[in-house]
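> Quick one: structure below, then a few questions.
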Protein chains: 4
Amino acid sequence: MSLLVQKTAGGREYKVKDISQADFGRLEIELAEVEMPGLMACRAEFGPSQPFKGAKITGSLHMTIQTAVLIETLTALGAEVRWCSCNIFSTQDHAAAAIARDSAAVFAWKGETLQEYWWCTERALDWGPGGGPDLIVDDGGDATLLIHEGVKAEEIYEKTGQLPDPSSTDNAEFQIVLTIIRDCLKVDPKKYRKMKDRLVGVSEETTTGVKRLYQMQANGTLLFPAINVNDSVTKSKFDNLYGCRHSLPDGLMRATDVMIAGKVAVVCGYGDVGKGCAAALKQAGARVIVTEIDPICALQALMEGLQVLTLEDVVSEADIFVTTTGNKDIIKVDHMRKMKNNAIVSNIGHFDNEIDMLGLENFPGVKRITIKPQTDRWVFPDTNSGIIVLAEGRLMNLGCATGHPSFVMSCSFTNQVIAQLELWKEKRTGKYEKKVYVLPKHLDEKVAALHLGKLGAKLTKLTKDQADYISVPIEGPYKPPHYRY
Amino acid sequence: MSLLVQKTAGGREYKVKDISQADFGRLEIELAEVEMPGLMACRAEFGPSQPFKGAKITGSLHMTIQTAVLIETLTALGAEVRWCSCNIFSTQDHAAAAIARDSAAVFAWKGETLQEYWWCTERALDWGPGGGPDLIVDDGGDATLLIHEGVKAEEIYEKTGQLPDPSSTDNAEFQIVLTIIRDCLKVDPKKYRKMKDRLVGVSEETTTGVKRLYQMQANGTLLFPAINVNDSVTKSKFDNLYGCRHSLPDGLMRATDVMIAGKVAVVCGYGDVGKGCAAALKQAGARVIVTEIDPICALQALMEGLQVLTLEDVVSEADIFVTTTGNKDIIKVDHMRKMKNNAIVSNIGHFDNEIDMLGLENFPGVKRITIKPQTDRWVFPDTNSGIIVLAEGRLMNLGCATGHPSFVMSCSFTNQVIAQLELWKEKRTGKYEKKVYVLPKHLDEKVAALHLGKLGAKLTKLTKDQADYISVPIEGPYKPPHYRY
Amino acid sequence: MSLLVQKTAGGREYKVKDISQADFGRLEIELAEVEMPGLMACRAEFGPSQPFKGAKITGSLHMTIQTAVLIETLTALGAEVRWCSCNIFSTQDHAAAAIARDSAAVFAWKGETLQEYWWCTERALDWGPGGGPDLIVDDGGDATLLIHEGVKAEEIYEKTGQLPDPSSTDNAEFQIVLTIIRDCLKVDPKKYRKMKDRLVGVSEETTTGVKRLYQMQANGTLLFPAINVNDSVTKSKFDNLYGCRHSLPDGLMRATDVMIAGKVAVVCGYGDVGKGCAAALKQAGARVIVTEIDPICALQALMEGLQVLTLEDVVSEADIFVTTTGNKDIIKVDHMRKMKNNAIVSNIGHFDNEIDMLGLENFPGVKRITIKPQTDRWVFPDTNSGIIVLAEGRLMNLGCATGHPSFVMSCSFTNQVIAQLELWKEKRTGKYEKKVYVLPKHLDEKVAALHLGKLGAKLTKLTKDQADYISVPIEGPYKPPHYRY
Amino acid sequence: MSLLVQKTAGGREYKVKDISQADFGRLEIELAEVEMPGLMACRAEFGPSQPFKGAKITGSLHMTIQTAVLIETLTALGAEVRWCSCNIFSTQDHAAAAIARDSAAVFAWKGETLQEYWWCTERALDWGPGGGPDLIVDDGGDATLLIHEGVKAEEIYEKTGQLPDPSSTDNAEFQIVLTIIRDCLKVDPKKYRKMKDRLVGVSEETTTGVKRLYQMQANGTLLFPAINVNDSVTKSKFDNLYGCRHSLPDGLMRATDVMIAGKVAVVCGYGDVGKGCAAALKQAGARVIVTEIDPICALQALMEGLQVLTLEDVVSEADIFVTTTGNKDIIKVDHMRKMKNNAIVSNIGHFDNEIDMLGLENFPGVKRITIKPQTDRWVFPDTNSGIIVLAEGRLMNLGCATGHPSFVMSCSFTNQVIAQLELWKEKRTGKYEKKVYVLPKHLDEKVAALHLGKLGAKLTKLTKDQADYISVPIEGPYKPPHYRY
């Protein structure tokens, strides 16, 4: 795909697979709106006052139908938006087309190369001479990373004249990041620092990105305020858990049509994502085995009737493997070689390095047979036995299916909207320092409340007397901060 | 699509969507073979002796990847095969292409018109001057129906000179059937009787077809022996139940991406199919309400914590509707008008008349918006509220997804192979009269046994003493005929 | 306990543990009546016409609260009743007391010896000079067995003068049976033949008794008509399945208080009883492993995510063992020796020989420590490790808890009432020969229908058009005889 | 029961129901030890060094078999112990007997009056002239309350000479507390202040007690350090959730034998306890409806397929009611009057005021029929319809069954042991101020780890590289403090 930016009639930039899919995207966006009551309520509540008037927002987050409803909520509240995906396979091209045509500058398509991926990220951050962005919506932290690495390189360059050296790292993806920064430095040696100076803050979507932010906070290197959306209860205990419970079997079915009942499935990691995956597989009739490092999560798995073993114990008898850890090197090529013929290997954690794809690709004599896009059979030369790898080791629910369903994403994204509103409102008050924050509980509860009506639920109301008895306000928040739900 | 028969290099006829998808089909067929141990065991056990040598088999059964493995099992055992689909949306075009290129005469594509559908059925039954078929594999009984109606018309014509009159019926599909027979009568007034005379028998796949057969048996109009494969335990208690438990959510997800958790789902009918659907929806987090006419099945639903109400009670508060009854007029247009905006209406019973599609199409002012193939939003003019209809009211798991997974179809299809073998072996012994038979229990148990190894199961073996104590042979069968599993 | 028959003020015989518990029994009987809508509906429908006027009914069936409601339904319909339990541990003494005081002649207490057990059976069959019984309600077939063995012995004695010889068998229980018959022969050498001549028939409750009846029918030795109540759908698919799903964990909890979550549980046998047990254990958080001889049932277990292995494979790693087979020698003493310390061994099949209790008792040096009644720890001398055996190997749900709950027993017992009514009504018509019958489907459906209202269910009504379309009467029956539910 | 303290041969005080049950209690304690690996591991690890040498510990916590293992762990580590129950119905008399005879001073029996209850509490706190306790193990905070109220009264008395006036409150229980303190003041006006001065701290077991502690901390009235054991993950996410999932159905079954399948059950509150209860009821086949004040918990219930309504919406159609809120006035007498005949009303929250027992008792004309201890039928005069109230509105799992099973209590109680060790070790270091603390995460993880072996689990070990990648130590702790599990 040639990397030329295109423009709408109105002059807005974009680069998508096929702008003619915009009508199809629009139809699905309209369906999704009915399923995203939190976002629609934000439009109703905040739309009239246009709180984002003047705000330039860059998003790096899976460019799906659900994200389209998020973007159009931001624009409905007055923002100007540029967007890229945070995963090379996660874009839904019809969603990208509809947004590109109607609402925001989009740079995303399903099946980007890593080179293209970072080009898109750069484009989404590039607001031209007027400057920007003011705010970032990040997922996994790649946009945030690029700015931090850019600033670091600029400072070194200013001091030492030394340009970043892509060959200094083995990591193929980080080589690309350094190349982009290097090339940019030559043109504008202050670009990322100007960006940083303007930035009001970032709201981060996912466990992996949040972990990076806390590390930077701990090291004192965080350059702007961050709101940890992931750890809103209505995000991590919903999207991660119920979202994956829905989209893991969806991805498995679309990619392989394999019967889950009767199979032995190994779920690596029993955090929120792993819990959702294990529940889905168990309910579908699989026998589920969990691997864990954390004894507490392991004990939770046992209480649900799941066996807890190491990958080595079960690698040769299981049919389906799912990594959910957020860590790396979970399934290595030596594991894969010991698997049954046509064992399915997939990852629903954030990055593809949970599965040792590099080791697999480089295994001498290995043969890759693409059944269909995102579904590859890899055959080992010695055993002549093959394994099925989904989405090239990347997020299988987004690569092989359409990701989480709208309703649960409405919870997550309503948190994003509220976080962005909060950052923007407080942009000059100093309320937020260069630290990582979570949203206060009453906003978390509000997000949940916005989603009850759609499901026909009716809440019970405390009496004054009862509220006093348990020492909470009648209208909440109802729980202490350490409450775990 | 122009209805011209094409030919392979070797001269075998076919009509498929796109023969170039044969390679893709072949890859998926190879994956499916690993998941279909019963069929592969049949190839191993019977292949060498070529029991079907000389047999001409016509199949009318969803032309999917799994059916492809069935067809190639029949040909591996020596049969010559012609095939059509038994549903206008159920064909997987890459499967049809691979079989057409490599193994059998196929007339099937996804999205046939009714006209095209019956043309395909006629082609599959047309073995040319040499005559045929010897055996039929039927699903829903359409091939069997065509022959019975053909014979009936020929006899009337011979007696009275009267041709069938398509305008004598309101049923659009039956008009087509009568037209085909009428046109055929003019050319060869003995065609269907010759077919009947040669026919050794039919093995029928599904509840609906079996019901038709028992009716014909009761009326004394059944023209040849029939084996009721549907009521093998390893068929109806597996394919209908576990197959639908898998493929119902698959169809819902692919068609609508809607979150099932939190929704109110109505399952009409709580037979094997309904039980599978209700289990899947409950496990995915829906609140499931069942409608039933049969108090026993209703009580079963209650024991699983499902509410049993009438459709009228819940029509305006449910989000998802699934019909599984095998009956007609389950969801009528007046129900649909009362539904919530974007309620999902789908059918997983055999015929599309479970949902009153005709009433919907003819409703004054109704507007159909096709989101994507097999997913339509119908908007009522008065309420401006829409419902989502899947697969035009036909089998949603085959229309919107890929039907049941290979493993469970291996159970069903191994029964088919065994039934066909039985009919063919006994073709001259008179063992089978013009009646409906089920397979003996030891063959049913054999089918199950062939599927255990793949799932790592180990059976317990009775001692002589134990077998005597419960009065069964050590090697089975283990249960009395009335046992319900 | 001295075996003296006592009498009520009104002169009715009984022998129970403590007649003063009658008030407590009455209170629980009144609670149970609310939960047994089928029986109460029988009282309302048939009570006024007193159809059992003149009928003498003997019952041999667990003397529980639920059975009390059955007995009082029989008496409310005009019958005179004598009753014993069909298991030495299953009597609820307060239920026995209430019935003995208020309604029928009862001979039953919790914790009978085998000697006492057969004495009670004899008493229940002994209607004195007036003769009787006319009808038998049997569970497991012991009352039927006694009559058949009695008749056999009488005929031999008449021909040969030879008395039955208890020492001719190793089976301790059968020795008692022969002793009873021998002693009786000396007094009245025609007693059992007179009984047989008068008997209109038996209705049998359970799988084990039914198996015996079919064997006698096959051998041509069945002496009177029998209705197989067990195979009514509303019995075997409810009581066996949902009853055990309820009462298995109940028995485990009351006997051992052990946490089920996290444990490895082995269920031997995956019939209706095994399915109920496995479901309960899985839901409670155990990891369940099934042993099976029947490949079909094994495949069903696999489809529910349960592992299928042999007992030998898992005997040393499991925590809980449950036998449900109806066969013998399932868990042998050699298995028990290999179990983990404090593994729980229990039986919910009909007879105690599923577990090799004899082998355990006779194991050299084994030590029995009674924790509380029905909960024993057996310690092996070599390993010093113990196992917990429930209810001395007999029905653990009745021995350690209170058996199945009222609602599901109402389904079973309504079938019993209907079967008894049917036998009595047809006593002179010859409708029932010396064979085993099942109730017709419309009565089965009626039983179910009587239980729907209590659970708030509403049935859907077929239209005439729909009923014709699927060829069933509007008011049922709705399914063909082979339908499996 | 006359309130006379008794003494063992060795001179240790006690007051239990029946000391002759000590042998039975000992047998069950030995069974429980096998199921409580965390406590047994503490004995093995810490026993040799006798860390509690010299420590006097008072416990106010359900005197069950499991608590017996806790007590004997404390004594095995060197402590001297006095104990009372924290609920009038929760004592298991055989457990109390065994501990009284063998290990500690116990004042507890099943079925105390409120008067007796507080007498027991006073006894457990009374260490005689030598003074004490040094440490308190509290559950619900009654021991802590008595000391705080005592100190408050003493201070007022010292300043003003005014004695506490029991008639100043309507609350019957608080009248007793004030009476005790008043009577004590006359004898020793410094008793509670001496106690406070000596006290090293309290470890609190449950949500309700913790709430009280945080309130005192907020008000600045907390008199000594407190460790909040409830909010250890291995307590609240295990005991509250999985414990109740086990013991709720246990209590229902033992009290009522009612069939849960098919019933409509209302769970008031969807916190950890409510989640466990709802899961158990759903799995047993009930249709579960949840009432909630907190929108987040409500949305969680919906995601599990549970309906969320208000009590008013469903009060007249449900069969089973369970309160789990920790709040008061959840089910009021007006609700109870509208319930179905024989609806079951029960509480598994901490205090009995969740159900308006006072309103029920005082309802004009209401009749109480005791079916058996802890199971009462209350009949309203106007409707003549009754409801079944369990355990007089108190903790039904402890009143009607035996509370949580040993394994899950081992998690909770290992936290207690560790908390007590921590308080005692730091008694002079000033590490703990008069505040509420939770245990550090590595100790929480340790508790979990001690329970894995028993269930056959094997943990995965991080490599150094992986640990660095996710920035955690190889040996944990693995999660940030805000992680919710």
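Each chain of the structure tokens is named A, B, ... in the order shown, its residues numbered from 1; ligands are numbered from 1 in display order.
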Any chance you could list, as a VMD selection string, the residues in segment 207-335 of chain D that come up strand (DSSP E) when DSSP is run on the backbone?
chain D and resid 226 to 228 264 to 268 287 to 291 307 to 308 320 to 323
> Store the residues of this selection in a file with N, CA and C atoms, as a JSON list (two decimals), in the first residue's frame.

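Ended up saving to out-v2.json:
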```json
[["chain", "number", "residue", "atom", "x", "y", "z"],
["D", 226, "ALA", "N", -5.39, -1.88, 64.39],
["D", 226, "ALA", "CA", -6.27, -2.93, 63.88],
["D", 226, "ALA", "C", -5.76, -3.40, 62.53],
["D", 227, "ILE", "N", -5.78, -4.70, 62.35],
["D", 227, "ILE", "CA", -5.49, -5.23, 61.01],
["D", 227, "ILE", "C", -6.79, -5.76, 60.42],
["D", 228, "ASN", "N", -7.07, -5.21, 59.25],
["D", 228, "ASN", "CA", -8.26, -5.56, 58.49],
["D", 228, "ASN", "C", -7.97, -6.84, 57.71],
["D", 264, "VAL", "N", -37.75, -19.22, 42.02],
["D", 264, "VAL", "CA", -37.30, -17.85, 41.84],
["D", 264, "VAL", "C", -36.65, -17.40, 43.14],
["D", 265, "ALA", "N", -35.38, -17.02, 43.06],
["D", 265, "ALA", "CA", -34.64, -16.62, 44.25],
["D", 265, "ALA", "C", -34.21, -15.16, 44.13],
["D", 266, "VAL", "N", -34.38, -14.43, 45.21],
["D", 266, "VAL", "CA", -33.97, -13.03, 45.24],
["D", 266, "VAL", "C", -32.76, -12.90, 46.17],
["D", 267, "VAL", "N", -31.68, -12.37, 45.63],
["D", 267, "VAL", "CA", -30.49, -12.12, 46.43],
["D", 267, "VAL", "C", -30.37, -10.61, 46.60],
["D", 268, "CYS", "N", -30.49, -10.14, 47.83],
["D", 268, "CYS", "CA", -30.39, -8.71, 48.10],
["D", 268, "CYS", "C", -28.93, -8.37, 48.35],
["D", 287, "ARG", "N", -33.95, -19.45, 39.20],
["D", 287, "ARG", "CA", -33.89, -18.19, 38.45],
["D", 287, "ARG", "C", -33.62, -17.10, 39.47],
["D", 288, "VAL", "N", -32.50, -16.41, 39.33],
["D", 288, "VAL", "CA", -32.04, -15.50, 40.38],
["D", 288, "VAL", "C", -32.28, -14.05, 39.98],
["D", 289, "ILE", "N", -32.84, -13.31, 40.90],
["D", 289, "ILE", "CA", -33.04, -11.87, 40.73],
["D", 289, "ILE", "C", -32.24, -11.16, 41.81],
["D", 290, "VAL", "N", -31.53, -10.12, 41.44],
["D", 290, "VAL", "CA", -30.66, -9.40, 42.36],
["D", 290, "VAL", "C", -31.25, -8.03, 42.65],
["D", 291, "THR", "N", -31.13, -7.59, 43.91],
["D", 291, "THR", "CA", -31.41, -6.18, 44.20],
["D", 291, "THR", "C", -30.10, -5.52, 44.59],
["D", 307, "GLN", "N", -31.28, -10.96, 36.59],
["D", 307, "GLN", "CA", -32.15, -9.80, 36.47],
["D", 307, "GLN", "C", -31.91, -8.90, 37.69],
["D", 308, "VAL", "N", -31.93, -7.60, 37.49],
["D", 308, "VAL", "CA", -31.76, -6.66, 38.60],
["D", 308, "VAL", "C", -33.04, -5.85, 38.75],
["D", 320, "ILE", "N", -37.55, -17.80, 47.31],
["D", 320, "ILE", "CA", -36.43, -17.80, 48.26],
["D", 320, "ILE", "C", -35.85, -16.39, 48.30],
["D", 321, "PHE", "N", -35.64, -15.88, 49.50],
["D", 321, "PHE", "CA", -35.03, -14.55, 49.68],
["D", 321, "PHE", "C", -33.78, -14.69, 50.53],
["D", 322, "VAL", "N", -32.70, -14.04, 50.11],
["D", 322, "VAL", "CA", -31.46, -14.06, 50.88],
["D", 322, "VAL", "C", -30.93, -12.64, 50.98],
["D", 323, "THR", "N", -30.67, -12.18, 52.19],
["D", 323, "THR", "CA", -30.06, -10.85, 52.33],
["D", 323, "THR", "C", -28.57, -11.00, 52.58]]
```
> Can you list every residue of chain A that has an atom at most 6 Å from chain B, with its nearest atom pair and the distance in Å to one decimal, using only C-alpha atoms, ordered by chain then number, as a tab-separated table?

```
residue	atom	partner	partner_atom	distance
A:Asp257	CA	B:Pro405	CA	5.7
A:Val258	CA	B:Pro405	CA	5.7
A:Met259	CA	B:Pro405	CA	5.1
A:Gln283	CA	B:Gln283	CA	5.9
A:Pro405	CA	B:Met259	CA	5.1
```
> Can you pull out the residues contacting Asp465 of chain C? Cut-off 12 Å, using only C-alpha atoms, and skip same-chain residues under 3 positions away; I want them as a list in words.
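Everything that qualifies: Asn327, Lys328, Asp329 and Ile330 of chain B; Lys461, Leu462, Asp468, Tyr469, Ile470, Ser471, Val472, Pro473 and Ile474 of chain C.
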> Neighbouring residues of segment 445-449 of chain B were defined as those with any atom within 10 Å, considering only C-alpha atoms; residues of the same chain fewer than 6 positions away were excluded. Please report them as a ChimeraX atom specification.
/B:37-39,41-42,232-235,238,410-415,418,457-459,475-479 /C:294-300
> Taking 6 positions as the minimum chain separation for residues in the same chain, which residues sit within 12 Å of Lys186 of chain A when counting only C-alpha atoms? Answer as a ChimeraX atom specification.
/A:153-154,157-158,161-164,179-180
> Please produce an output containing N, CA and C atoms for each residue in the selection, written as a PDB file, in the first residue's frame.

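part26.pdb, freshly written:
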```pdb
ATOM      1  N   ALA A 153      15.431  11.572  22.546  1.00  0.00           N
ATOM      2  CA  ALA A 153      16.410  11.663  21.455  1.00  0.00           C
ATOM      3  C   ALA A 153      16.767  13.118  21.162  1.00  0.00           C
ATOM      4  N   GLU A 154      15.749  13.971  21.199  1.00  0.00           N
ATOM      5  CA  GLU A 154      16.020  15.392  20.921  1.00  0.00           C
ATOM      6  C   GLU A 154      16.965  15.966  21.968  1.00  0.00           C
ATOM      7  N   TYR A 157      20.395  14.651  21.361  1.00  0.00           N
ATOM      8  CA  TYR A 157      20.909  15.288  20.152  1.00  0.00           C
ATOM      9  C   TYR A 157      21.353  16.719  20.441  1.00  0.00           C
ATOM     10  N   GLU A 158      20.541  17.433  21.183  1.00  0.00           N
ATOM     11  CA  GLU A 158      20.886  18.817  21.505  1.00  0.00           C
ATOM     12  C   GLU A 158      22.185  18.873  22.295  1.00  0.00           C
ATOM     13  N   GLY A 161      24.693  16.008  19.887  1.00  0.00           N
ATOM     14  CA  GLY A 161      24.688  15.931  18.434  1.00  0.00           C
ATOM     15  C   GLY A 161      24.533  14.521  17.912  1.00  0.00           C
ATOM     16  N   GLN A 162      24.268  13.625  18.825  1.00  0.00           N
ATOM     17  CA  GLN A 162      24.178  12.224  18.413  1.00  0.00           C
ATOM     18  C   GLN A 162      22.749  11.841  18.014  1.00  0.00           C
ATOM     19  N   LEU A 163      22.618  11.274  16.827  1.00  0.00           N
ATOM     20  CA  LEU A 163      21.306  10.843  16.348  1.00  0.00           C
ATOM     21  C   LEU A 163      21.012   9.434  16.867  1.00  0.00           C
ATOM     22  N   PRO A 164      19.738   9.097  17.040  1.00  0.00           N
ATOM     23  CA  PRO A 164      19.399   7.714  17.438  1.00  0.00           C
ATOM     24  C   PRO A 164      19.868   6.724  16.378  1.00  0.00           C
ATOM     25  N   THR A 179      14.139   4.966  13.745  1.00  0.00           N
ATOM     26  CA  THR A 179      14.315   5.521  12.394  1.00  0.00           C
ATOM     27  C   THR A 179      13.405   6.730  12.185  1.00  0.00           C
ATOM     28  N   ILE A 180      12.152   6.554  12.595  1.00  0.00           N
ATOM     29  CA  ILE A 180      11.214   7.673  12.471  1.00  0.00           C
ATOM     30  C   ILE A 180      11.721   8.895  13.225  1.00  0.00           C
TER      31      ILE A 180
END
```
> What does the distance between atom CA of Gly128 of chain D and atom CA of Lys53 of chain D come to in Å, to one decimal place?
18.5 Å
> Can you list, as a PyMOL selection string, every protein, DNA or RNA residue that comes within 7 Å of Asp139 of chain A when you count only C-alpha atoms, leaving out same-chain residues fewer than 3 positions away?
chain A and resi 60-61+86+204-206+209
> Given the selection you just returned, output its residues as a file containing N, CA and C atoms, formatted as a compact mmCIF listing (two decimals), in the first residue's frame.

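Below is the file that was written, part32.txt:
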```
# COMPACT_ATOMS: atom_id res chain seq x y z
N SER A 60 -4.82 6.66 19.45
CA SER A 60 -4.15 5.46 18.93
C SER A 60 -4.84 4.28 19.57
N LEU A 61 -5.84 3.76 18.91
CA LEU A 61 -6.70 2.75 19.53
C LEU A 61 -7.45 2.05 18.41
N CYS A 86 -3.99 0.83 17.10
CA CYS A 86 -2.85 0.46 17.95
C CYS A 86 -2.46 -1.01 17.74
N GLU A 204 -5.17 6.44 29.16
CA GLU A 204 -4.66 5.17 28.65
C GLU A 204 -5.67 4.05 28.89
N GLU A 205 -5.85 3.23 27.88
CA GLU A 205 -6.92 2.24 27.83
C GLU A 205 -6.60 0.90 28.49
N THR A 206 -5.34 0.47 28.42
CA THR A 206 -5.16 -0.96 28.69
C THR A 206 -4.03 -1.26 29.67
N GLY A 209 -0.37 -0.57 28.64
CA GLY A 209 -0.01 0.85 28.58
C GLY A 209 0.09 1.45 29.97
```
> For Thr324 of chain C, find every residue with an atom within 7 Å (counting only C-alpha atoms), except residues of its own chain fewer than 6 positions away, and show them as a list in words.
Cys268, Gly269, Val273, Gly274, Asn347, Ile348 and Gly349 of chain C
> So how many Å separate atom CA of His482 of chain D and atom CA of Ala419 of chain D, to one decimal?
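Interatomic distance here is 20.4 Å.
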